[in-house]
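A.B. asks: Have a look at this one.
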Amino acid sequence: MTPEFERRIARLRSDRQSGASEILDEALVLLRDALAAPADLIPVARALCLAQPTMAPIWNAALAALGARDDPERFARFAHRVARAPAALARFAVECFQDGARLHRDTPLGLVTISFSRSVAHALEAIAKSRPVRVACSESRPALEGRRLATRLVAAGIPVTCFTDAALAHALADADAVVVGADAVASAWFLNKSGTRMLASAAAQQGIPVYVLASRDKFVSREIAGRLVVREGHPGEVWEDAPPAVAVRNPYFESTPLELVTALITDAGVLGAALAPEVCEPSEDEAAAGLIAQLHL
């Protein structure tokens, strides 16, 4: 692998604030350049997966690039589907919240979310064009991505209330639904920012629907799901000068059972959570296991 590729992957590895969709954009450009270069693609693909081991789209993009050696159009099809996904996600999100007896169109739709997701932000902006919306979010410590989301939504004219992470459940008192993003969706769970499981559990307990917004590039087969690594940040981000006897943990992500989820809003439509296994299975006839084996990490 050339020093240039190493430098670009190191920059991607250090990104602690961007959502999965934003990081995928960078990975696609990098893989496209690697496919056009004479160097071996496998080290680049492996290094990318190691750089962001929690994010399913990176793994799926790497597999699409490896598969392009035998099927030159495969990577192009994958990239094209990724490019079309945001508009489709927003369209289906709008449709999802158009109906429902208790969601009156003349009163603001109360939605609760967590962290920053470009897909969620885009969907919320689209929903707000069809009906009044108010959003509650959390700061999402330690990187404070929630503040970034709040700033973007307010700029789009959407009222936002920002809570501390521990207090976000208070927003459920007058919420109509929870809408969160995902870094990966497996057959029985999804990965997202730490705090998502508590929010989804509290919502389910109160009978508030929980929707996961995830394009198909975030769905993973059983083989890839077993290779995802939940990354932890540096303890100093939580407590810079903690006493030596205090162990500080800083997990960025966590899994949440799909049994807490009402539906998955995807770029192929709104699906019941029970349908996740069908989407997670590889849809093409290529030797998926053989490609995954080349990414042995």
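Numbering starts fresh at 1 for the residues of each chain in the structure tokens, the chains themselves are lettered A, B, ... in the order given, and ligands are numbered from 1 as they appear.
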Within 9 Å of range 238-254 of chain A, which residues of range 118-207 of chain A come that close, and what is the closest atom pair and distance in Å for each? Count only C-alpha atoms and give it as a tab-separated table.
C.D. replies:
```
residue	atom	partner	partner_atom	distance
A:Arg141	CA	A:Val238	CA	8.3
A:Pro142	CA	A:Val238	CA	6.4
A:Asp183	CA	A:Phe253	CA	8.7
A:Phe190	CA	A:Glu254	CA	8.2
A:Leu191	CA	A:Glu254	CA	5.5
A:Asn192	CA	A:Phe253	CA	5.4
A:Lys193	CA	A:Phe253	CA	4.4
A:Ser194	CA	A:Phe253	CA	4.6
A:Gly195	CA	A:Glu254	CA	7.7
A:Thr196	CA	A:Glu254	CA	7.5
A:Arg197	CA	A:Glu254	CA	7.4
```
A.B. asks: Please identify all polymer residues within 9 Å of Leu28 in chain A, counting only C-alpha atoms, omitting same-chain residues fewer than 2 positions from it, and present them as number ranges by chain.
C.D. replies: A: 23-26, 30-33, 58, 61-62, 65, 79
A.B. asks: Please produce a file of those selected residues containing N, CA and C atoms, as a PDB file, in the first residue's frame.
C.D. replies:
```
ATOM      1  N   ILE A  23     -18.691   8.973   6.292  1.00  0.00           N
ATOM      2  CA  ILE A  23     -17.452   8.199   6.211  1.00  0.00           C
ATOM      3  C   ILE A  23     -17.469   7.284   4.995  1.00  0.00           C
ATOM      4  N   LEU A  24     -18.653   6.751   4.659  1.00  0.00           N
ATOM      5  CA  LEU A  24     -18.755   5.906   3.476  1.00  0.00           C
ATOM      6  C   LEU A  24     -18.400   6.676   2.206  1.00  0.00           C
ATOM      7  N   ASP A  25     -18.791   7.937   2.129  1.00  0.00           N
ATOM      8  CA  ASP A  25     -18.441   8.741   0.952  1.00  0.00           C
ATOM      9  C   ASP A  25     -16.926   8.763   0.746  1.00  0.00           C
ATOM     10  N   GLU A  26     -16.186   8.983   1.833  1.00  0.00           N
ATOM     11  CA  GLU A  26     -14.727   9.013   1.746  1.00  0.00           C
ATOM     12  C   GLU A  26     -14.175   7.645   1.357  1.00  0.00           C
ATOM     13  N   LEU A  30     -11.863   6.468  -1.952  1.00  0.00           N
ATOM     14  CA  LEU A  30     -10.588   5.789  -1.735  1.00  0.00           C
ATOM     15  C   LEU A  30     -10.552   4.443  -2.456  1.00  0.00           C
ATOM     16  N   LEU A  31     -11.642   3.677  -2.355  1.00  0.00           N
ATOM     17  CA  LEU A  31     -11.689   2.372  -3.030  1.00  0.00           C
ATOM     18  C   LEU A  31     -11.711   2.524  -4.545  1.00  0.00           C
ATOM     19  N   ARG A  32     -12.394   3.546  -5.026  1.00  0.00           N
ATOM     20  CA  ARG A  32     -12.403   3.792  -6.472  1.00  0.00           C
ATOM     21  C   ARG A  32     -10.991   4.091  -6.975  1.00  0.00           C
ATOM     22  N   ASP A  33     -10.248   4.873  -6.211  1.00  0.00           N
ATOM     23  CA  ASP A  33      -8.862   5.169  -6.594  1.00  0.00           C
ATOM     24  C   ASP A  33      -7.997   3.911  -6.511  1.00  0.00           C
ATOM     25  N   ILE A  58     -18.695   0.310   5.306  1.00  0.00           N
ATOM     26  CA  ILE A  58     -17.296   0.187   4.896  1.00  0.00           C
ATOM     27  C   ILE A  58     -17.003  -1.248   4.479  1.00  0.00           C
ATOM     28  N   ALA A  61     -18.751  -1.915   1.182  1.00  0.00           N
ATOM     29  CA  ALA A  61     -18.054  -1.246   0.085  1.00  0.00           C
ATOM     30  C   ALA A  61     -16.774  -1.989  -0.284  1.00  0.00           C
ATOM     31  N   ALA A  62     -16.044  -2.453   0.739  1.00  0.00           N
ATOM     32  CA  ALA A  62     -14.816  -3.211   0.483  1.00  0.00           C
ATOM     33  C   ALA A  62     -15.125  -4.504  -0.265  1.00  0.00           C
ATOM     34  N   ALA A  65     -15.846  -3.709  -3.863  1.00  0.00           N
ATOM     35  CA  ALA A  65     -14.619  -3.428  -4.613  1.00  0.00           C
ATOM     36  C   ALA A  65     -13.866  -4.716  -4.937  1.00  0.00           C
ATOM     37  N   ALA A  79     -21.998   1.798  -5.624  1.00  0.00           N
ATOM     38  CA  ALA A  79     -21.850   3.242  -5.443  1.00  0.00           C
ATOM     39  C   ALA A  79     -23.089   3.987  -5.937  1.00  0.00           C
TER      40      ALA A  79
END
```
A.B. asks: Of the residues A:Val120, A:Ala36, A:Ala169, A:Ile114, which is the one nearest to Ala93 in chain A, using only C-alpha atoms?
C.D. replies: A:Val120
A.B. asks: Rounded to one decimal, what separation in Å do you get between CA of Phe116 in chain A and CA of Arg147 in chain A?
C.D. replies: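 So the answer is 8.2 Å.
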A.B. asks: Within 6 Å of Cys137 in chain A, counting only C-alpha atoms, which residues qualify if same-chain residues fewer than 2 places away don't, as a list in words?
C.D. replies: Val112, Thr113, Ile114 and Cys162 of chain A
A.B. asks: Can those selected residues be exported to a file as an mmCIF file, in the first residue's frame so that it contains N, CA and C atoms?
C.D. replies:
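Here's the written file result28.cif:
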```
data_model
loop_
_atom_site.group_PDB
_atom_site.id
_atom_site.type_symbol
_atom_site.label_atom_id
_atom_site.label_comp_id
_atom_site.auth_asym_id
_atom_site.auth_seq_id
_atom_site.Cartn_x
_atom_site.Cartn_y
_atom_site.Cartn_z
ATOM 1 N N VAL A 112 -37.897 12.183 18.531
ATOM 2 C CA VAL A 112 -36.722 12.147 19.401
ATOM 3 C C VAL A 112 -35.629 11.366 18.684
ATOM 4 N N THR A 113 -34.407 11.871 18.735
ATOM 5 C CA THR A 113 -33.291 11.180 18.101
ATOM 6 C C THR A 113 -32.042 11.323 18.956
ATOM 7 N N ILE A 114 -30.957 10.728 18.489
ATOM 8 C CA ILE A 114 -29.718 10.717 19.264
ATOM 9 C C ILE A 114 -28.534 10.826 18.315
ATOM 10 N N CYS A 162 -32.487 20.394 23.079
ATOM 11 C CA CYS A 162 -31.317 19.541 23.291
ATOM 12 C C CYS A 162 -31.192 19.196 24.774
#
```
A.B. asks: Counting only C-alpha atoms, which of A:Gln98, A:Ala126, A:Met198, A:Ala90 gets nearest to Ala167 in chain A?
C.D. replies: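 With only C-alpha atoms as the atom set, the closest residue is A:Met198.
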